[in-house]
$ cat model.tsv   # TSV, C-alpha atoms
chain	number	residue	atom	x	y	z
T	18	MET	CA	21.59	11.09	-4.51
T	19	LEU	CA	19.18	10.79	-1.65
T	20	LEU	CA	16.95	8.53	-3.73
T	21	ARG	CA	19.91	6.32	-4.59
T	22	PHE	CA	20.78	6.04	-0.91
T	23	ALA	CA	17.19	5.17	-0.12
T	24	ALA	CA	17.07	2.53	-2.82
T	25	GLN	CA	20.30	0.91	-1.66
T	26	HIS	CA	19.10	1.03	1.92
T	27	ASP	CA	15.82	-0.72	1.33
T	28	ARG	CA	16.44	-2.81	-1.75
T	29	ALA	CA	17.72	-5.96	-0.10
T	30	GLY	CA	14.99	-5.93	2.48
T	31	ARG	CA	12.32	-5.26	-0.09
T	32	ASP	CA	13.51	-8.18	-2.20
T	33	ARG	CA	13.28	-10.54	0.73
T	34	ALA	CA	10.01	-9.06	1.87
T	35	SER	CA	8.55	-9.46	-1.60
T	36	GLN	CA	9.70	-13.04	-1.75
T	37	ALA	CA	8.28	-13.71	1.70
T	38	PHE	CA	5.03	-12.05	0.73
T	39	ARG	CA	4.80	-14.02	-2.50
T	40	LYS	CA	5.19	-17.14	-0.41
T	41	GLY	CA	2.56	-15.91	2.02
T	42	ARG	CA	1.35	-19.42	2.78
T	43	VAL	CA	4.85	-20.56	3.51
T	44	ALA	CA	5.52	-17.56	5.71
T	45	LEU	CA	2.32	-18.21	7.62
T	46	THR	CA	2.84	-21.88	8.08
T	47	ALA	CA	6.41	-22.94	7.75
T	48	ALA	CA	8.70	-20.26	9.12
T	49	ARG	CA	10.54	-21.14	12.31
T	50	PRO	CA	11.80	-18.87	15.04
T	51	ARG	CA	15.53	-18.59	15.05
T	52	ALA	CA	17.48	-19.65	18.06
T	53	SER	CA	19.59	-16.53	18.13
T	54	ARG	CA	19.40	-13.29	16.27
T	55	GLY	CA	21.18	-10.00	16.55
T	56	ALA	CA	19.16	-7.19	17.99
T	57	MET	CA	17.46	-4.87	15.48
T	58	THR	CA	19.97	-2.36	16.77
T	59	ARG	CA	23.05	-2.59	18.88
T	60	THR	CA	24.11	1.04	18.84
T	61	ARG	CA	20.83	2.94	18.87
T	62	PRO	CA	17.55	2.60	20.74
T	63	PRO	CA	15.12	0.48	18.69
T	64	LEU	CA	12.76	3.45	18.29
T	65	LEU	CA	15.51	5.55	16.67
T	66	ASP	CA	16.60	2.59	14.56
T	67	GLY	CA	13.04	2.22	13.30
T	68	LEU	CA	12.84	5.93	12.53
T	69	MET	CA	16.04	5.70	10.49
T	70	ALA	CA	14.70	2.67	8.64
T	71	SER	CA	11.50	4.58	7.84
T	72	LEU	CA	13.42	7.21	5.84
T	73	PRO	CA	12.98	5.64	2.40
T	74	ILE	CA	9.30	5.02	3.09
T	75	ALA	CA	8.82	8.59	4.29
T	76	MET	CA	10.50	9.94	1.16
T	77	GLY	CA	8.14	7.99	-1.02
T	78	TYR	CA	5.06	8.78	1.05
T	79	PHE	CA	5.44	12.55	1.09
T	80	PRO	CA	4.80	13.27	-2.62
T	81	ILE	CA	1.98	10.72	-2.78
T	82	ALA	CA	0.33	12.26	0.29
T	83	PHE	CA	0.92	15.70	-1.24
T	84	SER	CA	-0.92	14.63	-4.39
T	85	PHE	CA	-3.70	13.26	-2.18
T	86	GLY	CA	-4.04	16.59	-0.38
T	87	VAL	CA	-4.22	18.39	-3.73
T	88	ALA	CA	-6.68	15.84	-5.17
T	89	ALA	CA	-8.96	16.10	-2.13
T	90	THR	CA	-9.11	19.89	-2.24
T	91	GLN	CA	-9.58	19.78	-6.02
T	92	ALA	CA	-12.58	17.51	-5.42
T	93	GLY	CA	-14.11	20.17	-3.17
T	94	PHE	CA	-13.09	19.00	0.30
T	95	THR	CA	-11.52	21.38	2.80
T	96	GLY	CA	-7.94	21.06	3.96
T	97	LEU	CA	-9.14	19.87	7.35
T	98	GLU	CA	-11.27	17.14	5.75
T	99	ALA	CA	-8.35	15.99	3.61
T	100	PHE	CA	-6.15	15.84	6.71
T	101	ALA	CA	-8.87	13.96	8.62
T	102	LEU	CA	-8.95	11.27	5.91
T	103	SER	CA	-5.19	10.76	6.23
T	104	LEU	CA	-5.34	10.84	10.04
T	105	LEU	CA	-8.25	8.40	10.38
T	106	ILE	CA	-7.87	6.01	7.43
T	107	TYR	CA	-4.11	6.07	6.75
T	108	ALA	CA	-4.27	3.85	3.68
T	109	GLY	CA	-3.30	5.66	0.49
T	110	ALA	CA	-5.31	3.88	-2.17
T	111	SER	CA	-8.41	3.84	0.03
T	112	GLN	CA	-8.14	7.56	0.61
T	113	PHE	CA	-8.02	8.39	-3.10
T	114	LEU	CA	-11.02	6.14	-3.63
T	115	ALA	CA	-12.82	7.73	-0.66
T	116	VAL	CA	-12.46	11.12	-2.33
T	117	ALA	CA	-13.76	9.75	-5.63
T	118	LEU	CA	-16.71	7.97	-4.01
T	119	LEU	CA	-17.74	10.79	-1.68
T	120	SER	CA	-17.40	13.50	-4.30
T	121	SER	CA	-19.54	11.45	-6.71
T	122	GLY	CA	-22.29	11.13	-4.11
T	123	ALA	CA	-21.95	7.41	-3.41
T	124	PRO	CA	-23.95	6.24	-0.34
T	125	VAL	CA	-22.01	6.27	2.95
T	126	LEU	CA	-22.30	2.55	3.64
T	127	VAL	CA	-21.38	1.59	0.06
T	128	SER	CA	-18.33	3.85	0.29
T	129	ALA	CA	-17.28	2.47	3.67
T	130	PHE	CA	-17.76	-1.14	2.54
T	131	THR	CA	-15.69	-0.52	-0.58
T	132	LEU	CA	-12.83	0.98	1.42
T	133	ILE	CA	-12.99	-1.81	3.99
T	134	ALA	CA	-12.91	-4.48	1.26
T	135	MET	CA	-9.92	-2.78	-0.28
T	136	ASN	CA	-7.93	-3.01	2.96
T	137	LEU	CA	-8.81	-6.64	3.69
T	138	ARG	CA	-5.38	-7.69	2.45
T	139	HIS	CA	-3.89	-6.20	5.62
T	140	VAL	CA	-5.28	-9.16	7.57
T	141	LEU	CA	-2.40	-11.22	6.23
T	142	TYR	CA	0.39	-8.85	7.22
T	143	GLY	CA	0.27	-9.31	11.00
T	144	PRO	CA	0.34	-13.13	10.97
T	145	ALA	CA	3.15	-13.17	8.38
T	146	LEU	CA	5.20	-10.69	10.40
T	147	MET	CA	4.69	-12.43	13.75
T	148	ARG	CA	5.49	-15.83	12.26
T	149	ALA	CA	8.78	-14.41	10.99
T	150	ALA	CA	9.40	-12.71	14.37
T	151	GLY	CA	9.17	-16.01	16.25
T	152	THR	CA	7.20	-17.31	19.20
T	153	GLY	CA	8.88	-15.08	21.77
T	154	ALA	CA	8.12	-11.83	19.94
T	155	GLY	CA	6.34	-9.26	22.08
T	156	LYS	CA	2.88	-8.07	21.14
T	157	ARG	CA	2.03	-6.05	24.25
T	158	HIS	CA	1.79	-2.77	22.36
T	159	ALA	CA	0.69	-4.23	19.04
T	160	TRP	CA	-2.69	-2.54	19.38
T	161	ALA	CA	-0.83	0.75	18.85
T	162	TRP	CA	2.05	0.03	16.46
T	163	ALA	CA	-0.09	-2.17	14.21
T	164	TRP	CA	-1.96	0.98	13.16
T	165	GLY	CA	1.11	1.83	11.09
T	166	LEU	CA	1.44	-1.58	9.45
T	167	THR	CA	1.02	-0.40	5.86
T	168	ASP	CA	2.23	-2.27	2.77
T	169	GLU	CA	5.61	-0.50	2.87
T	170	VAL	CA	6.11	-0.77	6.63
T	171	PHE	CA	5.25	-4.45	6.48
T	172	GLY	CA	7.77	-4.96	3.67
T	173	GLN	CA	10.50	-3.07	5.53
T	174	ALA	CA	9.89	-4.90	8.82
T	175	LEU	CA	9.79	-8.30	7.19
T	176	GLY	CA	13.00	-7.44	5.36
T	177	ALA	CA	14.72	-6.55	8.65
T	178	LEU	CA	13.68	-9.89	10.14
T	179	ALA	CA	14.84	-11.71	7.02
T	180	ARG	CA	18.27	-10.11	7.50
T	181	GLY	CA	18.45	-11.82	10.88
T	182	GLN	CA	17.48	-8.92	13.10
T	183	ARG	CA	15.45	-9.52	16.24
T	184	PHE	CA	11.88	-8.33	16.46
T	185	SER	CA	11.34	-5.24	18.60
T	186	GLU	CA	8.16	-3.33	19.28
T	187	GLY	CA	10.23	-0.14	19.63
T	188	TYR	CA	11.55	-0.62	16.11
T	189	MET	CA	8.00	-1.12	14.83
T	190	PHE	CA	6.93	2.11	16.55
T	191	GLY	CA	9.84	4.00	14.95
T	192	LEU	CA	9.13	2.59	11.52
T	193	GLY	CA	5.44	3.39	11.79
T	194	ILE	CA	5.82	6.87	13.26
T	195	GLY	CA	8.26	8.01	10.56
T	196	ALA	CA	5.99	6.83	7.77
T	197	TYR	CA	2.79	8.17	9.40
T	198	ALA	CA	4.34	11.58	10.10
T	199	SER	CA	5.46	11.87	6.49
T	200	TRP	CA	2.00	10.89	5.25
T	201	LEU	CA	0.28	13.48	7.45
T	202	ALA	CA	2.80	16.20	6.60
T	203	GLY	CA	2.49	15.52	2.87
T	204	THR	CA	-1.30	15.67	3.07
T	205	ALA	CA	-1.22	18.94	5.03
T	206	VAL	CA	1.17	20.61	2.58
T	207	GLY	CA	-0.83	19.38	-0.41
T	208	ALA	CA	-4.10	20.55	1.15
T	209	VAL	CA	-2.65	23.97	1.96
T	210	ALA	CA	-1.26	24.27	-1.57
T	211	GLY	CA	-4.82	23.56	-2.68
T	212	GLY	CA	-6.53	22.49	-5.85
T	213	GLY	CA	-5.48	25.59	-7.75
T	214	ALA	CA	-1.83	25.31	-6.82
T	215	LEU	CA	-0.87	23.32	-9.89
T	216	GLU	CA	-2.90	25.14	-12.53
T	217	GLY	CA	0.20	26.86	-13.86
T	218	TRP	CA	2.20	23.62	-13.81
T	219	PRO	CA	0.45	21.14	-16.14
T	220	ALA	CA	3.41	18.75	-16.36
T	221	LEU	CA	3.75	18.59	-12.57
T	222	SER	CA	0.00	18.18	-12.22
T	223	ALA	CA	0.03	15.35	-14.78
T	224	GLY	CA	2.94	13.64	-13.01
T	225	LEU	CA	1.22	13.80	-9.64
T	226	GLY	CA	-1.97	12.56	-11.26
T	227	PHE	CA	-0.12	9.50	-12.51
T	228	MET	CA	1.23	8.76	-9.03
T	229	LEU	CA	-1.74	6.56	-8.12
T	230	PRO	CA	-1.74	4.21	-11.14
T	231	ALA	CA	2.06	4.06	-10.81
T	232	LEU	CA	1.77	3.10	-7.13
T	233	PHE	CA	-0.79	0.39	-7.86
T	234	LEU	CA	1.31	-1.03	-10.68
T	235	ALA	CA	4.45	-1.05	-8.51
T	236	LEU	CA	2.56	-2.69	-5.63
T	237	LEU	CA	1.14	-5.26	-8.02
T	238	LEU	CA	4.61	-6.09	-9.33
T	239	SER	CA	5.92	-6.38	-5.77
T	240	ILE	CA	3.43	-9.05	-4.77
T	241	LEU	CA	2.98	-10.82	-8.10
T	242	SER	CA	3.71	-14.51	-8.21
T	243	ARG	CA	2.93	-17.22	-10.76
T	244	ARG	CA	0.27	-18.62	-8.41
T	245	GLN	CA	-1.56	-15.28	-8.35
T	246	VAL	CA	-1.53	-14.62	-12.12
T	247	PRO	CA	-5.04	-16.11	-12.65
T	248	VAL	CA	-6.33	-14.02	-9.72
T	249	VAL	CA	-4.88	-10.84	-11.23
T	250	ALA	CA	-6.17	-11.69	-14.71
T	251	VAL	CA	-9.70	-12.43	-13.50
T	252	ALA	CA	-9.78	-9.28	-11.33
T	253	GLY	CA	-8.57	-7.12	-14.21
T	254	LEU	CA	-10.95	-8.52	-16.81
T	255	VAL	CA	-13.99	-8.34	-14.53
T	256	THR	CA	-13.10	-4.76	-13.56
T	257	VAL	CA	-12.98	-3.68	-17.20
T	258	ALA	CA	-16.21	-5.52	-18.09
T	259	ALA	CA	-18.18	-4.28	-15.07
T	260	THR	CA	-16.89	-0.71	-15.43
T	261	LEU	CA	-17.95	-0.58	-19.07
T	262	ALA	CA	-21.24	-2.37	-18.48
T	263	ILE	CA	-22.34	-0.88	-15.13
T	264	SER	CA	-20.17	1.75	-13.41
T	265	ALA	CA	-16.67	2.42	-12.09
T	266	THR	CA	-17.69	1.67	-8.50
T	267	SER	CA	-19.28	-1.64	-9.51
T	268	GLY	CA	-16.18	-2.47	-11.52
T	269	ILE	CA	-13.96	-2.10	-8.45
T	270	LEU	CA	-16.22	-4.13	-6.16
T	271	LEU	CA	-16.93	-6.93	-8.64
T	272	GLY	CA	-13.31	-7.06	-9.82
T	273	MET	CA	-12.00	-7.56	-6.29
T	274	LEU	CA	-14.64	-10.16	-5.46
T	275	ALA	CA	-14.11	-12.13	-8.68
T	276	GLY	CA	-10.34	-12.11	-8.22
T	277	ALA	CA	-10.57	-13.26	-4.59
T	278	LEU	CA	-13.00	-16.04	-5.57
T	279	ALA	CA	-10.61	-17.12	-8.32
T	280	GLY	CA	-8.08	-17.67	-5.54
T	281	LEU	CA	-10.30	-20.40	-4.08
T	282	VAL	CA	-9.73	-22.61	-7.10
T	283	ARG	CA	-7.10	-25.21	-6.22
T	284	ARG	CA	-4.26	-25.47	-8.71
U	155	MET	CA	-16.64	19.02	8.63
U	156	ASN	CA	-18.65	16.85	6.21
U	157	LEU	CA	-20.52	14.29	8.35
U	158	ASP	CA	-20.60	11.66	5.57
U	159	LEU	CA	-16.84	11.96	5.13
U	160	LEU	CA	-16.25	11.66	8.88
U	161	THR	CA	-18.49	8.56	9.10
U	162	VAL	CA	-16.77	6.85	6.16
U	163	ALA	CA	-13.33	7.74	7.53
U	164	LEU	CA	-14.14	6.42	11.02
U	165	LEU	CA	-15.65	3.15	9.71
U	166	ALA	CA	-12.84	2.55	7.24
U	167	GLY	CA	-10.18	3.54	9.77
U	168	ALA	CA	-11.59	1.27	12.47
U	169	ALA	CA	-11.77	-1.66	10.07
U	170	THR	CA	-8.24	-1.02	8.80
U	171	TRP	CA	-6.92	-0.93	12.36
U	172	ALA	CA	-8.76	-4.18	13.12
U	173	PHE	CA	-7.30	-5.86	10.01
U	174	ARG	CA	-3.81	-4.79	11.01
U	175	ALA	CA	-3.91	-5.31	14.78
U	176	LEU	CA	-6.34	-8.09	15.67
U	177	PRO	CA	-4.55	-10.94	13.85
U	178	ILE	CA	-1.37	-9.98	15.76
U	179	LEU	CA	-3.11	-9.74	19.14
U	180	ALA	CA	-4.81	-13.09	18.52
U	181	ARG	CA	-1.58	-14.60	17.12
U	182	THR	CA	-3.56	-16.15	14.27
U	183	ASP	CA	-0.26	-17.22	12.72
U	184	ARG	CA	-0.26	-20.05	15.26
U	185	MET	CA	-3.62	-21.32	14.08
U	186	ALA	CA	-3.94	-24.09	11.54
U	187	ALA	CA	-3.57	-22.81	8.00
U	188	GLY	CA	-4.32	-24.11	4.53
U	189	GLY	CA	-8.11	-23.79	4.45
U	190	TRP	CA	-10.37	-21.99	2.00
U	191	LEU	CA	-10.34	-18.81	4.08
U	192	GLU	CA	-6.59	-18.54	3.84
U	193	ARG	CA	-6.74	-19.02	0.07
U	194	PHE	CA	-9.46	-16.39	-0.18
U	195	LEU	CA	-7.51	-13.90	1.95
U	196	SER	CA	-4.28	-14.64	0.09
U	197	ALA	CA	-5.98	-13.82	-3.20
U	198	THR	CA	-7.71	-10.70	-1.89
U	199	GLY	CA	-4.54	-8.56	-1.86
U	200	PRO	CA	-3.45	-9.19	-5.45
U	201	ALA	CA	-7.08	-9.00	-6.62
U	202	ALA	CA	-7.60	-5.66	-4.87
U	203	ILE	CA	-4.41	-4.11	-6.21
U	204	ALA	CA	-4.99	-5.43	-9.76
U	205	THR	CA	-8.51	-4.03	-9.67
U	206	LEU	CA	-7.29	-0.66	-8.46
U	207	PHE	CA	-4.61	-0.44	-11.11
U	208	VAL	CA	-7.11	-1.24	-13.88
U	209	ALA	CA	-9.64	1.21	-12.43
U	210	ALA	CA	-7.00	3.95	-12.20
U	211	ILE	CA	-5.53	3.45	-15.68
U	212	LEU	CA	-8.80	2.83	-17.54
U	213	PRO	CA	-9.92	6.50	-17.81
U	214	ALA	CA	-6.48	7.42	-19.19
U	215	LEU	CA	-6.68	4.99	-22.11
U	216	THR	CA	-7.62	6.86	-25.24
U	217	PRO	CA	-7.11	6.45	-29.02
U	218	ASP	CA	-5.51	9.93	-29.04
U	219	LEU	CA	-1.79	9.05	-29.28
U	220	LEU	CA	-0.61	12.38	-27.84
U	221	ARG	CA	-2.67	11.81	-24.69
U	222	LEU	CA	-1.81	8.12	-24.55
U	223	LEU	CA	1.97	8.56	-24.85
U	224	PRO	CA	2.54	9.89	-21.29
U	225	VAL	CA	0.62	6.90	-19.93
U	226	VAL	CA	2.79	4.53	-21.96
U	227	THR	CA	6.09	6.15	-20.89
U	228	GLY	CA	4.97	6.31	-17.26
U	229	THR	CA	3.95	2.65	-17.26
U	230	LEU	CA	7.19	1.58	-18.96
U	231	ALA	CA	9.20	3.60	-16.43
U	232	VAL	CA	7.46	1.81	-13.54
U	233	LEU	CA	8.17	-1.58	-15.12
U	234	ALA	CA	11.81	-0.73	-15.89
U	235	LEU	CA	12.54	0.68	-12.44
U	236	TRP	CA	10.87	-2.25	-10.75
U	237	VAL	CA	12.98	-4.69	-12.74
U	238	ALA	CA	16.15	-2.68	-12.09
U	239	ARG	CA	15.71	-1.68	-8.42
U	240	ARG	CA	12.89	-3.80	-6.94
U	241	SER	CA	11.68	-0.72	-5.05
U	242	VAL	CA	8.01	0.24	-4.92
U	243	VAL	CA	8.90	3.79	-3.92
U	244	LEU	CA	11.41	4.38	-6.72
U	245	ALA	CA	9.20	2.73	-9.35
U	246	THR	CA	6.24	4.89	-8.32
U	247	LEU	CA	8.20	8.15	-8.30
U	248	GLY	CA	10.00	7.24	-11.55
U	249	GLY	CA	6.72	6.49	-13.31
U	250	ALA	CA	5.24	9.81	-12.20
U	251	VAL	CA	8.38	11.71	-13.29
U	252	ALA	CA	8.41	9.99	-16.72
U	253	HIS	CA	4.71	10.76	-17.18
U	254	GLY	CA	5.16	14.42	-16.19
U	255	CYS	CA	8.27	14.84	-18.38
U	256	THR	CA	6.45	13.40	-21.39
U	257	VAL	CA	3.59	15.85	-20.90
U	258	TRP	CA	6.14	18.68	-20.64
U	259	LEU	CA	7.99	17.59	-23.80
U	260	LEU	CA	4.75	17.30	-25.77
U	261	GLY	CA	3.91	20.82	-24.66
$ encode --input "model.tsv" --output "structure tokens"
Amino acid sequence: MLLRFAAQHDRAGRDRASQAFRKGRVALTAARPRASRGAMTRTRPPLLDGLMASLPIAMGYFPIAFSFGVAATQAGFTGLEAFALSLLIYAGASQFLAVALLSSGAPVLVSAFTLIAMNLRHVLYGPALMRAAGTGAGKRHAWAWAWGLTDEVFGQALGALARGQRFSEGYMFGLGIGAYASWLAGTAVGAVAGGGALEGWPALSAGLGFMLPALFLALLLSILSRRQVPVVAVAGLVTVAATLAISATSGILLGMLAGALAGLVRR
Amino acid sequence: MNLDLLTVALLAGAATWAFRALPILARTDRMAAGGWLERFLSATGPAAIATLFVAAILPALTPDLLRLLPVVTGTLAVLALWVARRSVVLATLGGAVAHGCTVWLLG
């Protein structure tokens, strides 16, 4: 019931956000500020409105963060260290990879570079969002609310703008705080439950273990466009080849690089 | 606290914040677009996510049908829910539930 409500609440916005993201170049270059838009909220403070809008994101984040907390403690990290990764990095896929890299003894700089490369896509979110927000959009507190500009928050915010709502930094704070709090809470609960918590629950353990590939596949579907199919194909093939020929870490690095370079080819 | 972990977390966190905040503070959306850097950055997101999906699913691929079946049902559930609802959250949770249920049914 709650999931259905969440899906109805965010579906329209996600559709528009996905479309806007797929047309990233258009969003960055061709969008125009609207002459008049309704406020993001008329009946509630923008912060509260943003918190309400973060509900579907928070519901999705909690179990993923929980599985991260469990995975980190299973890999030998303490609960505090798992929580620190969520607090300081706050990027789901990167955190799972951080655990894999650090627990396998990968060098610090190689690990950091890999995680940084993985999050490079976030460079595009801010410009796309501000272009949609219009020239008069405030950015005074962007140094703070931008910390919470994850894939989901970006999608939700862009969806709100696409529905004709006016940009508000308070709304962005609310959206970000709700999602961040859920992520931290999920990590803490998962870390406290610990690596041995799921030993008696193999099906639940397997389901949580599949959360990461499921998230990546869903994210891939959400941003996939015909223009990016060659990029995805090259990245996937190079990842498989390099993983089999060299190592899993090399496969990730080389796959990303090859895919990004494939994007340079004009079509 | 593991010093290596703290170093990696601080470096990655600082870079992630910079990627998210600096383009907004600099209003790079107002700058001229269409160059090679924009094409490279545009391709980086899909390339990164495709790479991560392949890297995450690769260890689960096995000729053993009983171990492969949960992966297949989980993947199909993600695809079906995405087509039906266009929600990343629902597709992710649905895929995990389908995977877990298949493991449970197979005993």
$ residues_around --input "model.tsv" --residues "Phe83 of chain T" --least-positions-apart "4" --cutoff "8 Å" --atoms "all atoms listed in the file" --output "list in words"
Phe79, Val87, Gly203, Thr204, Ala205, Val206, Gly207 and Ala208 of chain T
$ atom_distance --input "model.tsv" --atom1 "atom CA of Leu222 of chain U" --atom2 "atom CA of Thr131 of chain T"
29.0 Å
$ closest_atom_pairs --input "model.tsv" --of "chain T" --to "chain U" --cutoff "6 Å" --atoms "all atoms listed in the file" --output "tab-separated table"
residue	atom	partner	partner_atom	distance
T:Leu45	CA	U:Asp183	CA	5.8
T:Gly77	CA	U:Val243	CA	5.2
T:Leu102	CA	U:Ala163	CA	5.9
T:Leu105	CA	U:Gly167	CA	5.3
T:Ile106	CA	U:Gly167	CA	4.1
T:Ala129	CA	U:Val162	CA	5.1
T:Ile133	CA	U:Ala166	CA	5.4
T:Met135	CA	U:Ala202	CA	5.9
T:Arg138	CA	U:Gly199	CA	4.5
T:His139	CA	U:Phe173	CA	5.6
T:Val140	CA	U:Phe173	CA	4.6
T:Gly143	CA	U:Ile178	CA	5.1
T:Pro144	CA	U:Asp183	CA	4.5
T:Arg148	CA	U:Asp183	CA	5.9
T:Trp160	CA	U:Ala175	CA	5.5
T:Ala163	CA	U:Ala175	CA	5.0
T:Trp164	CA	U:Trp171	CA	5.4
T:Ala220	CA	U:Gly254	CA	4.7
T:Leu221	CA	U:Gly254	CA	5.7
T:Ala223	CA	U:Gly254	CA	5.4
T:Gly224	CA	U:Gly254	CA	4.0
T:Phe227	CA	U:Ala250	CA	5.4
T:Met228	CA	U:Ala250	CA	5.2
T:Pro230	CA	U:Ala210	CA	5.4
T:Ala231	CA	U:Thr246	CA	4.9
T:Leu232	CA	U:Thr246	CA	5.0
T:Phe233	CA	U:Phe207	CA	5.1
T:Leu234	CA	U:Phe207	CA	6.0
T:Ala235	CA	U:Val242	CA	5.2
T:Leu237	CA	U:Ile203	CA	5.9
T:Val248	CA	U:Ala201	CA	5.9
T:Val249	CA	U:Ala201	CA	5.4
T:Ala252	CA	U:Ala201	CA	5.4
T:Gly253	CA	U:Thr205	CA	5.5
T:Ile269	CA	U:Thr205	CA	5.9
T:Gly272	CA	U:Thr205	CA	5.7
T:Met273	CA	U:Ala202	CA	5.0
T:Gly276	CA	U:Ala201	CA	4.8
T:Ala277	CA	U:Thr198	CA	4.7
T:Gly280	CA	U:Ala197	CA	5.0
T:Leu281	CA	U:Arg193	CA	5.6
$ atom_distance --input "model.tsv" --atom1 "atom CA of Ala198 of chain T" --atom2 "atom CA of Ser84 of chain T"
15.7 Å
$ atom_distance --input "model.tsv" --atom1 "atom CA of Glu186 of chain T" --atom2 "atom CA of Gly155 of chain T"
6.8 Å
$ residues_around --input "model.tsv" --residues "Val255 of chain T" --least-positions-apart "6" --cutoff "8 Å" --atoms "all atoms listed in the file" --output "ChimeraX atom specification"
/T:268,271-272,275
$ closest_residue --input "model.tsv" --among "T:Leu238, T:Ala101, T:Ala123, T:Ala250" --to "Ser264 of chain T" --atoms "all atoms listed in the file"
T:Ala123
$ closest_residue --input "model.tsv" --among "T:Gly172, T:Leu118, T:Ala150, T:Thr90" --to "Ile240 of chain T" --atoms "all atoms listed in the file"
T:Gly172
$ build_atoms --input "model.tsv" --residues "segment 147-160 of chain T" --atoms "N, CA, C and O atoms" --output "compact mmCIF listing (two decimals), keeping the file's coordinate frame"
# COMPACT_ATOMS: atom_id res chain seq x y z
N MET T 147 4.48 -11.80 12.45
CA MET T 147 4.69 -12.43 13.75
C MET T 147 5.27 -13.83 13.60
O MET T 147 6.04 -14.30 14.44
N ARG T 148 4.91 -14.51 12.52
CA ARG T 148 5.49 -15.83 12.26
C ARG T 148 6.99 -15.69 12.02
O ARG T 148 7.80 -16.47 12.53
N ALA T 149 7.36 -14.65 11.25
CA ALA T 149 8.78 -14.41 10.99
C ALA T 149 9.50 -13.94 12.26
O ALA T 149 10.69 -14.21 12.43
N ALA T 150 8.78 -13.24 13.14
CA ALA T 150 9.40 -12.71 14.37
C ALA T 150 9.69 -13.82 15.37
O ALA T 150 10.59 -13.67 16.21
N GLY T 151 8.93 -14.90 15.33
CA GLY T 151 9.17 -16.01 16.25
C GLY T 151 8.21 -16.02 17.42
O GLY T 151 7.51 -15.04 17.68
N THR T 152 8.20 -17.12 18.14
CA THR T 152 7.20 -17.31 19.20
C THR T 152 7.39 -16.37 20.38
O THR T 152 6.45 -16.04 21.07
N GLY T 153 8.62 -15.93 20.60
CA GLY T 153 8.88 -15.08 21.77
C GLY T 153 8.67 -13.60 21.50
O GLY T 153 8.88 -12.78 22.40
N ALA T 154 8.26 -13.25 20.30
CA ALA T 154 8.12 -11.83 19.94
C ALA T 154 7.02 -11.18 20.77
O ALA T 154 5.94 -11.74 20.96
N GLY T 155 7.31 -9.97 21.26
CA GLY T 155 6.34 -9.26 22.08
C GLY T 155 5.21 -8.69 21.24
O GLY T 155 5.41 -8.30 20.10
N LYS T 156 4.03 -8.66 21.84
CA LYS T 156 2.88 -8.07 21.14
C LYS T 156 2.08 -7.17 22.10
O LYS T 156 0.95 -6.81 21.82
N ARG T 157 2.73 -6.80 23.21
CA ARG T 157 2.03 -6.05 24.25
C ARG T 157 1.45 -4.74 23.73
O ARG T 157 0.36 -4.34 24.10
N HIS T 158 2.24 -4.07 22.87
CA HIS T 158 1.79 -2.77 22.36
C HIS T 158 1.35 -2.85 20.91
O HIS T 158 1.29 -1.83 20.22
N ALA T 159 1.06 -4.06 20.46
CA ALA T 159 0.69 -4.23 19.04
C ALA T 159 -0.57 -3.46 18.68
O ALA T 159 -0.72 -3.02 17.54
N TRP T 160 -1.46 -3.28 19.66
CA TRP T 160 -2.69 -2.54 19.38
C TRP T 160 -2.37 -1.12 18.88
O TRP T 160 -3.15 -0.53 18.15
